[in-house]
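Structure first, then comments.
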Amino acid sequence: MEVMLRFGASPKSDDDPDPWSNRVRPGTVRRVLAYFRPHVGKVALFVLIAAMEAFVVIATPLLMKELIDGGILKNDFGVVILMAVLTAGLAVAGALLSLMSAYVSAKIGEGVTYDLRVQALDHVRRLPIAFFTRTQTGVLVGRLHTELIMAQQAFGHLLMAATSVVTVLLVLAELFYLSWLVALVTLVLVPLFVVPWIWVGRIIQRRTGTLMETNAGLGGLLHERFNVQGAMLSKLFGRPDEEMADYRTRAGKIRKIGVSISIWARMSFAMMALMASIATAVVYGVGGGLVIDGAFQLGTLIAIATLLGRLFGPITQLSGMQETAQTVVVSFSRIFELLDLKPLIQERPDAKELEKDVAPGIEFDDVAFRYPTADEVSLASLEHLRTKREHGDVTADVLRGISFEAPAGTLTALVGPSGAGKSTMTHLVSRLYDPNSGAVRFDGHDLRDLTFDSIRGTVGVVSQDAYLFHDTIRENLLYARPTATEDELIEACKGAQIWELIQSLPRGFDTVTGDRGYRMSGGEKQRLAIARLLLKAPTVVVLDEATAHLDSESEAAVQRALKTALRSRTSLVIAHRLSTIREADQILVIDGGTVRERGTHDELLARGGLYSELYHTQFARPENNAAKPEPEEDEFDEEPEPLDTVVYGG
Ligand SMILES: Nc1ncnc2c1ncn2[C@@H]1O[C@H](COP(=O)(O)OP(=O)(O)OP(=O)(O)O)[C@@H](O)[C@H]1O
């Protein structure tokens, strides 16, 4: 049966190292074993239980032998009863031991998996945003989940196989003790039975691997297509018939491999049963003759036949041991690959805290930045698309020689053409990325010298397309400050101009916002994000102003919400609205990754440069002005200020 390893994958070139191959780095086995060190006591207990189980396996045929030879054949009723009772007792002991060994082996397996899972999750959560922008989510989740389950299952088989070693040795020793001739005949039969079994086992293993890959591929695709935005795109742009045909092909391949695996598994089982029956027939044939010749008694023959039945199972487990061990090592090594990915952005051991509750000034000092290449931040095997890896690629500088100061408590507006680098500048302020040269500073402290906690606590971000978890409004808000009281929640929502809406919902704060908060309108989502920001109360606010989907009424609400959000904070706003731009303390005109112009609205307009051009082509358009919010009475009554001085910055 011809099955491609990954469907839809483009053929890879010879010089392209295959990130999906099962090659394992040297030292991996030692690293795997290190995970068992904390569980050494349980492993020792497991070995002891395994030895006792093996003893039960070999003791029962001996009791049978004695029951027949010493009891039935000698008409000794007492021996018959005694041996029957002992056999039953051993059966009970065997059942209890098997329960205990299952418990101990599960404790070891689950313990190791727990350690590895927690370590991997903790590591992935520390990886920089660049890693997540490159990685396909479905594949990453698969790596963290499926690989671990695979490792755990294979590990369970490995422990059972280890038990089998003891059983096989003891059974063989007993066979030789009972009849060396029959034992030899049995040994000759073993390879006849084991070799095809191993062959079938390999086929099954290969197909199981392919099945898992195929499932992961389909899972990744569904993850992408069936989230709200993917589903929306596919409804608007997709070709439903072709897409359905693709799903059908993939599902069909899964079905085909599934059927093939079941047949081969049944074949393997049937082969084992067949060979065990043939071996038993041979043993009865040879042994029966020996009983007639008087070489040994009938009880011995029955004991040998029973022993044989207990030999083949453990032998089959042993023969698959190498592959099983390989599965464990490969699965572990895939997780290790992830663990070895060094986070590009790290906290210094001597990192300092920034003073809380005081808005810092922001300084960009000759900042240059380029986005990291795939080699620097991600794993090819997690990017899923089998494109040729960009080895040694260097990305172009996105920012060059950016220097400016945003004094504490002021509003800086970033304007410029699309792709100029405005969002990238805001990413540097929240330390999602580090500059390649130069520095970004808060009150003179390089962000690289500050703790992650203090940067997180200082900077609040509201993006254009605010992200909400699939949870209640309350939980989404509490994410910013879990200790917030009901009154604080209400106050934040009032400040963000969203309280009226929440109040009108039948379930209020307990309304579920749906996948990515999709049940709310764009403006509502952004106001909810502003409420979240107000609860967090950061001293630096980064805002990407919404460009679309706000009617003038909801835009006015958002603008009023922003007045509260930006008051007394140092703000960096990617501005699209004339109202914001006019009220900024300074405007930076970004073009081609550099600051082309800097000044206030009037200064820049008078200069007649790029800003003036942008103003006339974009900002001064009627729709921008039409959307300008009406000032709220209570906001402006106290202290009438001209629009082009500080209103937000305070
Ligand atoms: N994760 C990324 N990896 C590589 N390049 C990127 C990445 N994000 C952005 N870029 C590139 O960096 C440049 C600046 O992008 P940026 O998003 O900062 O521009 P912008 O001024 O905010 O544009 P817009 O107004 O359209 O949002 C663009 O050429 C963009 O293609």
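In the structure tokens, chains take the letters A, B, ... in the order shown, each chain's residues start at 1, and ligands count up from 1 in the order shown.
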Which residues of chain A come within 8 Å of ligand 1, and for each one, what is the closest pair of atoms and their distance in Å to one decimal, counting only C-alpha atoms and all ligand atoms, sorted by chain and residue number, as a tab-separated table?
residue	atom	partner	partner_atom_place_in_ligand_line	distance
A:Ala130	CA	ligand 1	1 (N)	6.3
A:Thr133	CA	ligand 1	1 (N)	6.2
A:Arg134	CA	ligand 1	1 (N)	7.8
A:Arg370	CA	ligand 1	5 (N)	7.6
A:Tyr371	CA	ligand 1	4 (C)	4.9
A:Pro372	CA	ligand 1	3 (N)	7.0
A:Thr373	CA	ligand 1	4 (C)	7.8
A:Thr395	CA	ligand 1	4 (C)	7.4
A:Val398	CA	ligand 1	12 (O)	5.3
A:Leu399	CA	ligand 1	14 (C)	7.9
A:Val415	CA	ligand 1	21 (O)	7.9
A:Gly416	CA	ligand 1	21 (O)	6.5
A:Pro417	CA	ligand 1	25 (O)	6.1
A:Ser418	CA	ligand 1	26 (O)	3.5
A:Gly419	CA	ligand 1	19 (O)	3.4
A:Ala420	CA	ligand 1	21 (O)	3.7
A:Gly421	CA	ligand 1	18 (O)	3.2
A:Lys422	CA	ligand 1	21 (O)	3.8
A:Ser423	CA	ligand 1	22 (O)	3.6
A:Thr424	CA	ligand 1	18 (O)	3.7
A:Met425	CA	ligand 1	18 (O)	6.6
A:Ile574	CA	ligand 1	22 (O)	7.8
A:Ile590	CA	ligand 1	21 (O)	7.4
A:Asp591	CA	ligand 1	21 (O)	7.9
A:Gly593	CA	ligand 1	14 (C)	7.3
Next item on the list: For Leu158 in chain A, list every protein, DNA or RNA residue within 7 Å, evaluated using only C-alpha atoms, and leave out those in the same chain fewer than 3 positions away; present the list as a list of chain:residue names.
Entry: A:Ala154, A:Phe155, A:Ala161, A:Ala162, A:Met321, A:Thr324, A:Ala325
Margin query: When you count only C-alpha atoms, which of these residues is closest to Glu363 in chain A: A:Val377, A:Ala396, A:Leu535, A:Val429?
Written below: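 Closest residue, counting only C-alpha atoms: A:Val429.
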Would you give me, as a Markdown table, each residue of range 114-223 of chain A having an atom within 10 Å of an atom of range 85-106 of chain A, along with its shortest atom pair and that distance in Å to one decimal, using only C-alpha atoms and sorting by chain and residue number?
| residue | atom | partner | partner_atom | distance |
| --- | --- | --- | --- | --- |
| A:Gln152 | CA | A:Ala106 | CA | 9.1 |
| A:Gln153 | CA | A:Ala106 | CA | 9.8 |
| A:Phe155 | CA | A:Ser105 | CA | 9.0 |
| A:Gly156 | CA | A:Ser105 | CA | 6.8 |
| A:His157 | CA | A:Ser105 | CA | 9.8 |
| A:Leu158 | CA | A:Ser105 | CA | 9.9 |
| A:Leu159 | CA | A:Ser105 | CA | 6.9 |
| A:Met160 | CA | A:Ser105 | CA | 8.6 |
| A:Thr163 | CA | A:Ser101 | CA | 9.5 |
Item checked: Nearest to Glu376 in chain A, chosen from A:Pro128, A:Gly401, A:Pro435, A:Gly457, with only C-alpha atoms counted in the distances ->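 Checking each candidate against Glu376 in chain A, we get A:Pro128 as the closest.
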Note to self: I'd like the contact shell of Glu486 in chain A - 12 Å cut-off, only C-alpha atoms, skipping same-chain residues fewer than 6 positions apart - returned as number ranges by chain.
What the structure shows: A: 474-475, 477-478, 492-493, 508-509, 535
Once DSSP has gone over the backbone, tell me which residues of range 315-455 of chain A are in strand (DSSP E or B), as a CSV table (one decimal) with N, CA, C and O atoms, in the first residue's frame.
chain,number,residue,atom,x,y,z
A,352,LYS,N,16.0,44.4,36.9
A,352,LYS,CA,15.5,45.3,37.9
A,352,LYS,C,14.0,45.5,37.7
A,352,LYS,O,13.5,45.3,36.6
A,362,ILE,N,9.5,57.4,27.5
A,362,ILE,CA,10.0,56.4,26.6
A,362,ILE,C,11.1,57.0,25.7
A,362,ILE,O,10.9,58.1,25.3
A,363,GLU,N,12.2,56.2,25.5
A,363,GLU,CA,13.2,56.7,24.7
A,363,GLU,C,13.7,55.6,23.7
A,363,GLU,O,13.9,54.5,24.1
A,364,PHE,N,13.7,56.0,22.4
A,364,PHE,CA,14.3,55.1,21.4
A,364,PHE,C,15.7,55.7,21.1
A,364,PHE,O,15.7,56.9,20.7
A,365,ASP,N,16.7,54.9,21.2
A,365,ASP,CA,18.1,55.5,21.0
A,365,ASP,C,18.7,54.7,19.9
A,365,ASP,O,19.2,53.6,20.0
A,366,ASP,N,18.7,55.3,18.7
A,366,ASP,CA,19.4,54.8,17.5
A,366,ASP,C,19.0,53.3,17.3
A,366,ASP,O,19.9,52.4,17.1
A,367,VAL,N,17.7,53.0,17.3
A,367,VAL,CA,17.2,51.6,17.2
A,367,VAL,C,17.2,51.1,15.8
A,367,VAL,O,16.7,51.8,14.9
A,368,ALA,N,17.8,49.9,15.6
A,368,ALA,CA,17.7,49.2,14.4
A,368,ALA,C,17.1,47.8,14.7
A,368,ALA,O,17.4,47.3,15.7
A,369,PHE,N,16.3,47.4,13.8
A,369,PHE,CA,15.6,46.1,14.0
A,369,PHE,C,15.3,45.3,12.7
A,369,PHE,O,14.9,45.9,11.7
A,370,ARG,N,15.5,44.0,12.8
A,370,ARG,CA,15.0,43.2,11.7
A,370,ARG,C,14.3,42.0,12.3
A,370,ARG,O,14.7,41.6,13.5
A,397,ASP,N,16.4,44.9,7.4
A,397,ASP,CA,16.1,45.8,8.5
A,397,ASP,C,14.8,46.4,8.3
A,397,ASP,O,14.4,46.9,7.2
A,398,VAL,N,13.9,46.4,9.3
A,398,VAL,CA,12.6,47.0,9.2
A,398,VAL,C,12.7,48.4,9.9
A,398,VAL,O,11.9,49.3,9.4
A,399,LEU,N,13.5,48.5,10.9
A,399,LEU,CA,13.7,49.8,11.5
A,399,LEU,C,15.2,50.2,11.4
A,399,LEU,O,16.0,49.3,11.6
A,400,ARG,N,15.5,51.5,11.2
A,400,ARG,CA,16.9,51.9,11.1
A,400,ARG,C,17.0,53.3,11.8
A,400,ARG,O,16.3,54.2,11.5
A,401,GLY,N,18.0,53.4,12.7
A,401,GLY,CA,18.3,54.7,13.3
A,401,GLY,C,17.2,55.4,13.9
A,401,GLY,O,17.1,56.7,13.7
A,402,ILE,N,16.3,54.7,14.6
A,402,ILE,CA,15.1,55.4,15.1
A,402,ILE,C,15.5,56.0,16.5
A,402,ILE,O,15.9,55.3,17.4
A,403,SER,N,15.4,57.3,16.6
A,403,SER,CA,15.7,58.0,17.9
A,403,SER,C,14.6,59.0,18.2
A,403,SER,O,14.3,59.8,17.3
A,404,PHE,N,14.0,58.9,19.3
A,404,PHE,CA,13.1,59.9,19.8
A,404,PHE,C,12.8,59.8,21.2
A,404,PHE,O,13.2,58.7,21.8
A,405,GLU,N,12.3,60.8,21.8
A,405,GLU,CA,11.9,60.7,23.2
A,405,GLU,C,10.4,61.0,23.4
A,405,GLU,O,9.9,61.9,22.7
A,406,ALA,N,9.7,60.2,24.2
A,406,ALA,CA,8.3,60.5,24.5
A,406,ALA,C,8.3,60.8,26.0
A,406,ALA,O,8.3,59.9,26.8
A,411,LEU,N,1.4,62.1,24.8
A,411,LEU,CA,0.8,61.2,23.7
A,411,LEU,C,1.7,61.4,22.5
A,411,LEU,O,1.9,62.5,22.0
A,412,THR,N,2.2,60.3,22.0
A,412,THR,CA,3.0,60.4,20.7
A,412,THR,C,2.2,59.6,19.7
A,412,THR,O,1.8,58.4,19.9
A,413,ALA,N,1.9,60.3,18.6
A,413,ALA,CA,1.2,59.6,17.5
A,413,ALA,C,2.2,59.2,16.4
A,413,ALA,O,3.1,59.9,16.0
A,414,LEU,N,2.0,57.9,16.0
A,414,LEU,CA,2.8,57.4,14.9
A,414,LEU,C,2.0,57.4,13.6
A,414,LEU,O,0.9,56.8,13.6
A,415,VAL,N,2.4,58.0,12.6
A,415,VAL,CA,1.7,58.0,11.4
A,415,VAL,C,2.7,57.6,10.3
A,415,VAL,O,3.9,57.7,10.4
A,437,SER,N,20.2,46.7,17.3
A,437,SER,CA,21.2,47.6,17.9
A,437,SER,C,20.5,48.8,18.4
A,437,SER,O,19.3,49.0,18.1
A,438,GLY,N,21.1,49.6,19.3
A,438,GLY,CA,20.5,50.7,19.9
A,438,GLY,C,19.7,50.2,21.1
A,438,GLY,O,19.8,49.0,21.5
A,439,ALA,N,18.9,51.0,21.7
A,439,ALA,CA,18.1,50.6,22.9
A,439,ALA,C,16.8,51.3,23.0
A,439,ALA,O,16.6,52.4,22.5
A,440,VAL,N,15.9,50.6,23.6
A,440,VAL,CA,14.6,51.2,24.0
A,440,VAL,C,14.6,51.4,25.5
A,440,VAL,O,15.0,50.4,26.2
A,441,ARG,N,14.3,52.5,26.0
A,441,ARG,CA,14.5,52.8,27.5
A,441,ARG,C,13.2,53.3,28.1
A,441,ARG,O,12.5,54.1,27.4
A,442,PHE,N,12.9,52.9,29.3
A,442,PHE,CA,11.8,53.5,30.1
A,442,PHE,C,12.6,54.3,31.2
A,442,PHE,O,13.3,53.7,32.0
A,445,HIS,N,16.1,53.3,31.8
A,445,HIS,CA,16.4,51.9,31.9
A,445,HIS,C,16.2,51.2,30.6
A,445,HIS,O,15.1,51.2,30.1
A,446,ASP,N,17.2,50.5,30.2
A,446,ASP,CA,17.1,49.7,29.0
A,446,ASP,C,16.1,48.6,29.3
A,446,ASP,O,16.2,48.0,30.4
A,450,LEU,N,15.2,45.2,32.6
A,450,LEU,CA,14.1,45.2,33.5
A,450,LEU,C,13.5,43.7,33.5
A,450,LEU,O,13.6,43.0,32.6
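Of the residues under consideration (A:Ile587, A:Leu233, A:Ile204, A:Leu48), A:Ile204 shows the shortest atom-to-atom contact distance to Arg266 in chain A when counting only C-alpha atoms.
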Do a neighbour search on Met275 in chain A at 9 Å with only C-alpha atoms, toss out local chain neighbours closer than 4 positions, and write the hits as a compact mmCIF listing (two decimals) with N, CA, C and O atoms, in the first residue's frame.
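And here is the file that came out, out-v6.txt:
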# COMPACT_ATOMS: atom_id res chain seq x y z
N LEU A 189 11.46 -24.09 17.32
CA LEU A 189 10.22 -23.54 16.77
C LEU A 189 10.10 -22.02 16.93
O LEU A 189 9.46 -21.34 16.15
N VAL A 190 10.78 -21.50 17.98
CA VAL A 190 10.61 -20.07 18.32
C VAL A 190 10.89 -19.13 17.15
O VAL A 190 10.05 -18.29 16.81
N LEU A 192 10.84 -19.61 13.99
CA LEU A 192 9.86 -19.77 12.91
C LEU A 192 8.65 -18.89 13.16
O LEU A 192 7.98 -18.41 12.26
N PHE A 193 8.40 -18.70 14.41
CA PHE A 193 7.21 -17.98 14.78
C PHE A 193 7.50 -16.49 15.00
O PHE A 193 6.75 -15.62 14.58
N ALA A 270 -3.45 -13.68 14.77
CA ALA A 270 -3.77 -15.02 14.27
C ALA A 270 -2.50 -15.86 14.13
O ALA A 270 -2.48 -17.06 14.43
N MET A 271 -1.41 -15.19 13.68
CA MET A 271 -0.14 -15.91 13.52
C MET A 271 0.36 -16.42 14.86
O MET A 271 0.85 -17.54 14.98
N ALA A 279 2.89 -25.37 17.84
CA ALA A 279 3.93 -25.77 18.78
C ALA A 279 3.36 -26.73 19.83
O ALA A 279 4.00 -27.74 20.17
N THR A 280 2.14 -26.43 20.29
CA THR A 280 1.53 -27.33 21.29
C THR A 280 1.32 -28.71 20.69
O THR A 280 1.58 -29.73 21.33
N PHE A 312 5.01 -17.95 24.58
CA PHE A 312 4.97 -17.19 23.33
C PHE A 312 4.56 -15.72 23.50
O PHE A 312 5.08 -14.85 22.83
